[in-house]
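As structure tokens, the structure follows; a few thoughts come after it.
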Number of protein chains: 2
Amino acid sequence: MIDEELFRDCYVSTPSKIVMLVVDGLGGLAHPDTGLSELETARLPNLDAMARESACGLTTPVEPGVAPGSGPGHLALFGYDPLKHLIGRGALEALGIEVDLRPGDVAARGNFCTVDDAGFLTDRRAGRIPTELSAPLCRRLDRIEVDGAQLDVFPVQDYRFVLRLRGEGLSEAITETDPQITGVPALDVQPLAPEAQNTADMINSFVTQAQGLLAEEERGNMVLLRGFAQLPNLPPMGDVYQLDPAGIAAYPMYRGLATVAGMQVISTGHSFKDEVETLRQRFEEHDFFFIHYKPADAAGEDGDFDAKVKCLEDLDPFINEIRELEPDVFIVAGDHSTPAIMAAHSWHPVPFMLHSQLTKGEGIDGFNERSCGLGSIGRIPATRVMLLALSHAGKLTKYGP
Amino acid sequence: MIDEELFRDCYVSTPSKIVMLVVDGLGGLAHPDTGLSELETARLPNLDAMARESACGLTTPVEPGVAPGSGPGHLALFGYDPLKHLIGRGALEALGIEVDLRPGDVAARGNFCTVDDAGFLTDRRAGRIPTELSAPLCRRLDRIEVDGAQLDVFPVQDYRFVLRLRGEGLSEAITETDPQITGVPALDVQPLAPEAQNTADMINSFVTQAQGLLAEEERGNMVLLRGFAQLPNLPPMGDVYQLDPAGIAAYPMYRGLATVAGMQVISTGHSFKDEVETLRQRFEEHDFFFIHYKPADAAGEDGDFDAKVKCLEDLDPFINEIRELEPDVFIVAGDHSTPAIMAAHSWHPVPFMLHSQLTKGEGIDGFNERSCGLGSIGRIPATRVMLLALSHAGKLTKYGP
């Protein structure tokens, strides 16, 4: 939150409803041939029409010049300072495959790797062995027991897995075992704080046992562990904002992020169509909905400009379906930009629009980077989006007498 | 830095090269007769062409409404929070005349002044005695010795000098001797912290001895000392950003500021032409270059609108010379505005542009206050310029998973 105490007395619970649609990787950059971005290239009659009746602006996810991962990008939109609350790699990976991760658990990203007879790394990814080969190895590792904590291993994909430690007094303050190069042995885990000694001992015991269990494998006879992380301890957004928030997302990681923010996750199908249908069915039950659209980011990360344009066009008809539910506030935002010409998350400000009874339009002709840059909201930190959502919904009253 | 720890894991060293040209006092205000600013009046074909291919914006040096000195203006562009790291007057004056100032040294701005027989100030500037008269007086004062520290006096210009104290355990936390009015005696130095007692005693001893040595002078028979300051303890920007930074500046103060930020200062000549030649010759040796253009500020401070226009036009051809070196990122920024109609530094946002392979232009037609205000970067704190420089150069990776 900006500061969960700051406007504490200003938040009020009302029946009004807010829908926040997060279009993953929404923003883009101009195609070199046309000078037009993905949003400017796409035919988006519904998004453009909504922009003409909305307050528009650009959001800065973290800081100018800083490209965020999915974690910081979403937490900022939910109002949490992404510089204060970081979700570690292991925890995010666990959320991404829907591992039940609870406060206090430690999660790590695991790799199968290959070492020679002397224990020196020859392949940090075990020849990228496929899931068919790695899943049985995960089941073998899952049988390992260590003193003082419950230990579980979950396959991710190919050579990757998640290790979860559950117990009392665990700590994420330990070093990684991956030396990041071959020709050397895996590293021992070291505690980075006195209270982390026990956790370090458990992990080292796991690795030793794993090496024993995997010794006969040709590829994947050892493991590497990185990104030890616990869930950040976030104040639930329902408590802070006096909301009853729900999250609808087809992809597990975004359901995980909704959980971390204290939303109730509503189960849905595998497509955005399913998500919108879920929103419709459960619309009476909550006063805040986060709904997530993934495909635009994936196309951007693939560097496929035309595919990203298509993903945005595919989204467009659903805008009217959501508007027909008549939410008091309907926000279209992005967690970050993913310009196809960069094939990566980027730092560029992200188009943003907010529709409500109070927004009658401001001469903006379409929903894209350039138009939104001229909107009345201007460039704001993404962490302020929730304040605008709440105020337009009548849920944030006057600050100070 | 925004916070030198915050993005620590995101900075990566790469061979890409960044050039940051700081045009001192770059921004201006409209001439009352034409309604055009200095930048809008000047013929700047190269700067305007670059703006058409750049990402443009405006930087706020400190806060809206706050006009910075050269110290905060530059430190902000180098990424240091100018509200957290202030270079005191004495230290900046010492840097400005290229006094060798090291961590722990205390520097002060000194004035020769005139007192009557009773020791009451009659002229705080000793009739602005010229350097020919004051330099010998400085040499006389330079012979003074105090217990516990080495003491040196350096002439500046006219009635001004720099006093440098070098020793163990010195403190800048002492009061000034200048009462700011005549008709009263100079003040004794008082410690503002317990550990500053020794330093205060040394300075008071210096002043007493100085009064003795100057007693026979008609003008300049006493000294006043102000702005006691030590160098701020800044994290070197090379360490923080994983850069090998260099500074090129014809004027000593800006070389001093580069040193304070941890850059290697490359010696150069007395003109900007010399600076650009130095940049060319040493271009392979570093991955970040700060290069400083002074004349625009001097003309602005003189209140000479036409001269400032001329200074900007003189700069313009060098823009292409720098672009021919093909830096991966080329930034043109200013430490602050110096509108000629104000004849002073001002608080106005400063035009800014960044050229890289990722910036293909955004319909901005020229490099000036008005055009840059419409650019995609918007208005950003000057402290974020380094983040944008690094990200466009591929030296700042994703924040958070």
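Chain labels follow the order of the structure tokens: the first chain is A, the next B, and so on; residue numbering restarts at 1 in every chain, and ligands are counted from 1 in their shown order.
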
Excluding Gly57 in chain B and residues on its chain fewer than 2 positions from it, collect all residues at most 12 Å away from it, counting only C-alpha atoms, and give them as a PyMOL selection string. (chain A and resi 64+373+379) or (chain B and resi 51+54-55+59-60+331-334+349-355+362+364+366-382+384-385+388)

Keeping C-alpha atoms, export the residues of the selection given above as a PDB file, in the first residue's frame.
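Final output, selection_35.pdb:
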ATOM      1  CA  PRO A  64      11.094   5.284 -14.912  1.00  0.00           C
ATOM      2  CA  GLY A 373      -0.212  10.287 -22.529  1.00  0.00           C
ATOM      3  CA  ARG A 379       1.620   9.796 -15.598  1.00  0.00           C
TER       4      ARG A 379
ATOM      5  CA  ALA B  51      14.807  15.138 -30.808  1.00  0.00           C
ATOM      6  CA  SER B  54      14.607  10.393 -29.398  1.00  0.00           C
ATOM      7  CA  ALA B  55      12.439   9.825 -26.376  1.00  0.00           C
ATOM      8  CA  THR B  59      13.395  16.648 -15.736  1.00  0.00           C
ATOM      9  CA  THR B  60      12.675  18.168 -12.355  1.00  0.00           C
ATOM     10  CA  ILE B 331      21.431  11.831 -23.533  1.00  0.00           C
ATOM     11  CA  VAL B 332      21.171  15.602 -23.677  1.00  0.00           C
ATOM     12  CA  ALA B 333      20.113  16.976 -20.302  1.00  0.00           C
ATOM     13  CA  GLY B 334      20.539  20.032 -18.140  1.00  0.00           C
ATOM     14  CA  PRO B 349      11.651  21.639 -15.659  1.00  0.00           C
ATOM     15  CA  VAL B 350      14.584  21.035 -17.973  1.00  0.00           C
ATOM     16  CA  PRO B 351      14.340  19.649 -21.524  1.00  0.00           C
ATOM     17  CA  PHE B 352      15.689  16.160 -21.827  1.00  0.00           C
ATOM     18  CA  MET B 353      16.164  13.692 -24.648  1.00  0.00           C
ATOM     19  CA  LEU B 354      17.514  10.182 -24.910  1.00  0.00           C
ATOM     20  CA  HIS B 355      18.547   8.579 -28.165  1.00  0.00           C
ATOM     21  CA  GLU B 362       7.478  10.238 -31.231  1.00  0.00           C
ATOM     22  CA  ILE B 364       8.389  15.717 -31.384  1.00  0.00           C
ATOM     23  CA  GLY B 366      12.342  20.074 -31.891  1.00  0.00           C
ATOM     24  CA  PHE B 367      14.412  20.246 -28.756  1.00  0.00           C
ATOM     25  CA  ASN B 368      12.864  22.827 -26.468  1.00  0.00           C
ATOM     26  CA  GLU B 369      10.775  23.232 -23.338  1.00  0.00           C
ATOM     27  CA  ARG B 370       7.413  23.025 -25.110  1.00  0.00           C
ATOM     28  CA  SER B 371       8.153  20.040 -27.369  1.00  0.00           C
ATOM     29  CA  CYS B 372       9.836  18.015 -24.666  1.00  0.00           C
ATOM     30  CA  GLY B 373       6.768  18.524 -22.474  1.00  0.00           C
ATOM     31  CA  LEU B 374       4.840  16.423 -25.004  1.00  0.00           C
ATOM     32  CA  GLY B 375       7.395  13.625 -25.111  1.00  0.00           C
ATOM     33  CA  SER B 376       6.814  10.046 -24.030  1.00  0.00           C
ATOM     34  CA  ILE B 377       9.009  10.296 -20.961  1.00  0.00           C
ATOM     35  CA  GLY B 378       6.876  13.006 -19.445  1.00  0.00           C
ATOM     36  CA  ARG B 379       8.087  14.887 -16.401  1.00  0.00           C
ATOM     37  CA  ILE B 380      10.445  12.834 -14.297  1.00  0.00           C
ATOM     38  CA  PRO B 381      12.694  13.565 -11.350  1.00  0.00           C
ATOM     39  CA  ALA B 382      16.238  14.140 -12.610  1.00  0.00           C
ATOM     40  CA  ARG B 384      15.635   8.845 -12.679  1.00  0.00           C
ATOM     41  CA  VAL B 385      17.692   9.823 -15.715  1.00  0.00           C
ATOM     42  CA  LEU B 388      16.531   5.390 -18.176  1.00  0.00           C
TER      43      LEU B 388
END

Enumerate as JSON, numbers by chain all residues of range 36-165 of chain A assigned to alpha helix (DSSP H) by DSSP on the backbone, naming them with the chain letters and numbers the document uses. {"A": [38, 39, 40, 41, 45, 46, 47, 48, 49, 50, 51, 52, 70, 71, 72, 73, 74, 75, 76, 77, 89, 90, 91, 92, 93, 94, 95, 96, 131, 132, 133, 134, 135, 136, 137, 138, 139, 140, 141]}

Tell me, as a PyMOL selection string, which residues lie within 8 Å of Thr182 in chain B, counting only C-alpha atoms; anything in the same chain fewer than 3 positions away does not count. chain B and resi 120-124+179+185

Mind dumping the selected residues with C-alpha atoms as a PDB file, in the first residue's frame?
ATOM      1  CA  PHE B 120      33.736  46.090  14.387  1.00  0.00           C
ATOM      2  CA  LEU B 121      33.091  45.242  10.747  1.00  0.00           C
ATOM      3  CA  THR B 122      33.089  48.236   8.419  1.00  0.00           C
ATOM      4  CA  ASP B 123      33.204  46.307   5.098  1.00  0.00           C
ATOM      5  CA  ARG B 124      32.400  42.615   4.801  1.00  0.00           C
ATOM      6  CA  PRO B 179      27.565  38.000  11.099  1.00  0.00           C
ATOM      7  CA  PRO B 185      32.480  42.091  15.392  1.00  0.00           C
TER       8      PRO B 185
END

Up to 10 Å from chain B, what residues of chain A turn up? Count only C-alpha atoms and give them as a ChimeraX atom specification. /A:29-32,35-36,58,62-73,82-84,86-93,227,341-342,344-349,369-370,373-374,378-379

As number ranges by chain, please: all residues of range 160-209 of chain A that backbone DSSP puts in strand (DSSP E or B). A: 160-166, 174, 185, 191

Please produce a file of those selected residues containing N, CA and C atoms, as a PDB file, in the first residue's frame.
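Writing done, so here's selection.pdb:
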ATOM      1  N   ARG A 160      13.037 -28.464 -14.500  1.00  0.00           N
ATOM      2  CA  ARG A 160      12.780 -27.560 -13.372  1.00  0.00           C
ATOM      3  C   ARG A 160      11.767 -28.141 -12.390  1.00  0.00           C
ATOM      4  N   PHE A 161      11.981 -27.850 -11.108  1.00  0.00           N
ATOM      5  CA  PHE A 161      11.022 -28.254 -10.081  1.00  0.00           C
ATOM      6  C   PHE A 161      10.977 -27.199  -8.988  1.00  0.00           C
ATOM      7  N   VAL A 162       9.989 -27.332  -8.116  1.00  0.00           N
ATOM      8  CA  VAL A 162       9.892 -26.458  -6.936  1.00  0.00           C
ATOM      9  C   VAL A 162      10.079 -27.311  -5.694  1.00  0.00           C
ATOM     10  N   LEU A 163      10.899 -26.814  -4.798  1.00  0.00           N
ATOM     11  CA  LEU A 163      11.060 -27.439  -3.490  1.00  0.00           C
ATOM     12  C   LEU A 163      10.332 -26.573  -2.462  1.00  0.00           C
ATOM     13  N   ARG A 164       9.472 -27.213  -1.652  1.00  0.00           N
ATOM     14  CA  ARG A 164       8.786 -26.458  -0.599  1.00  0.00           C
ATOM     15  C   ARG A 164       9.151 -27.047   0.759  1.00  0.00           C
ATOM     16  N   LEU A 165       9.513 -26.183   1.671  1.00  0.00           N
ATOM     17  CA  LEU A 165       9.821 -26.557   3.045  1.00  0.00           C
ATOM     18  C   LEU A 165       8.735 -25.960   3.935  1.00  0.00           C
ATOM     19  N   ARG A 166       8.159 -26.788   4.788  1.00  0.00           N
ATOM     20  CA  ARG A 166       7.123 -26.283   5.686  1.00  0.00           C
ATOM     21  C   ARG A 166       7.483 -26.653   7.118  1.00  0.00           C
ATOM     22  N   ILE A 174      19.153 -17.530   3.048  1.00  0.00           N
ATOM     23  CA  ILE A 174      20.222 -18.495   2.814  1.00  0.00           C
ATOM     24  C   ILE A 174      20.728 -18.339   1.385  1.00  0.00           C
ATOM     25  N   PRO A 185      31.954 -27.631  -8.401  1.00  0.00           N
ATOM     26  CA  PRO A 185      30.863 -28.352  -7.716  1.00  0.00           C
ATOM     27  C   PRO A 185      29.726 -27.400  -7.354  1.00  0.00           C
ATOM     28  N   PRO A 191      23.911 -19.851   5.741  1.00  0.00           N
ATOM     29  CA  PRO A 191      22.929 -18.924   6.317  1.00  0.00           C
ATOM     30  C   PRO A 191      23.402 -17.484   6.160  1.00  0.00           C
TER      31      PRO A 191
END

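Close contacts of Val146 in chain A, defined as residues with an atom at most 9 Å away when counting only C-alpha atoms, with chain neighbours fewer than 6 positions off set aside, comprise Met202, Ile203, Ser205 and Phe206 of chain A.
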
Once you have the residues from the selection above, write them out as a PDB file, in the first residue's frame, restricted to C-alpha atoms.
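Result went into part34.pdb, see below:
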ATOM      1  CA  MET A 202      17.904 -28.859   6.182  1.00  0.00           C
ATOM      2  CA  ILE A 203      18.573 -27.811   2.606  1.00  0.00           C
ATOM      3  CA  SER A 205      20.763 -32.451   4.033  1.00  0.00           C
ATOM      4  CA  PHE A 206      18.197 -32.525   1.214  1.00  0.00           C
TER       5      PHE A 206
END

Compile the contact shell of Thr177 in chain A as a PyMOL selection string: residues with an atom at most 7 Å away, counting only C-alpha atoms, same-chain residues fewer than 2 positions apart removed. chain A and resi 175+179+186-189+224-226

Expected file contents, prior selection, N, CA and C atoms, as a PDB file, in the first residue's frame:
ATOM      1  N   THR A 175      21.975 -18.746   1.163  1.00  0.00           N
ATOM      2  CA  THR A 175      22.572 -18.604  -0.173  1.00  0.00           C
ATOM      3  C   THR A 175      22.085 -19.718  -1.095  1.00  0.00           C
ATOM      4  N   PRO A 179      26.232 -22.460  -8.761  1.00  0.00           N
ATOM      5  CA  PRO A 179      27.400 -21.584  -8.952  1.00  0.00           C
ATOM      6  C   PRO A 179      27.322 -20.795 -10.246  1.00  0.00           C
ATOM      7  N   ALA A 186      28.553 -27.980  -7.054  1.00  0.00           N
ATOM      8  CA  ALA A 186      27.459 -27.174  -6.512  1.00  0.00           C
ATOM      9  C   ALA A 186      27.904 -26.601  -5.163  1.00  0.00           C
ATOM     10  N   LEU A 187      27.365 -25.456  -4.825  1.00  0.00           N
ATOM     11  CA  LEU A 187      27.758 -24.802  -3.574  1.00  0.00           C
ATOM     12  C   LEU A 187      26.938 -25.352  -2.404  1.00  0.00           C
ATOM     13  N   ASP A 188      27.519 -25.298  -1.218  1.00  0.00           N
ATOM     14  CA  ASP A 188      26.730 -25.558  -0.016  1.00  0.00           C
ATOM     15  C   ASP A 188      25.886 -24.330   0.274  1.00  0.00           C
ATOM     16  N   VAL A 189      24.759 -24.572   0.935  1.00  0.00           N
ATOM     17  CA  VAL A 189      23.922 -23.442   1.362  1.00  0.00           C
ATOM     18  C   VAL A 189      24.497 -22.856   2.641  1.00  0.00           C
ATOM     19  N   LEU A 224      20.289 -28.385  -8.345  1.00  0.00           N
ATOM     20  CA  LEU A 224      20.714 -27.022  -7.982  1.00  0.00           C
ATOM     21  C   LEU A 224      19.489 -26.291  -7.462  1.00  0.00           C
ATOM     22  N   LEU A 225      19.679 -25.459  -6.455  1.00  0.00           N
ATOM     23  CA  LEU A 225      18.555 -24.747  -5.835  1.00  0.00           C
ATOM     24  C   LEU A 225      18.849 -23.254  -5.802  1.00  0.00           C
ATOM     25  N   ARG A 226      17.846 -22.484  -6.200  1.00  0.00           N
ATOM     26  CA  ARG A 226      18.006 -21.018  -6.252  1.00  0.00           C
ATOM     27  C   ARG A 226      16.748 -20.350  -5.741  1.00  0.00           C
TER      28      ARG A 226
END

Extract, using only C-alpha atoms, all DNA, RNA and protein residues at most 9 Å from Met263 in chain B, discarding same-chain residues fewer than 6 positions from it, and format them as an MDAnalysis selection string. chainID B and resid 236:238 244:247 255 257 289:290

Near-Glu284 in chain B list (10 Å; only C-alpha atoms; drop same-chain fewer than 5 positions) as a PyMOL selection string: chain B and resi 15+17+279

Separation of CA of Ala107 in chain A and CA of Asp3 in chain B, in Å?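 Result for CA of Ala107 in chain A versus CA of Asp3 in chain B: 27.5 Å, one decimal.
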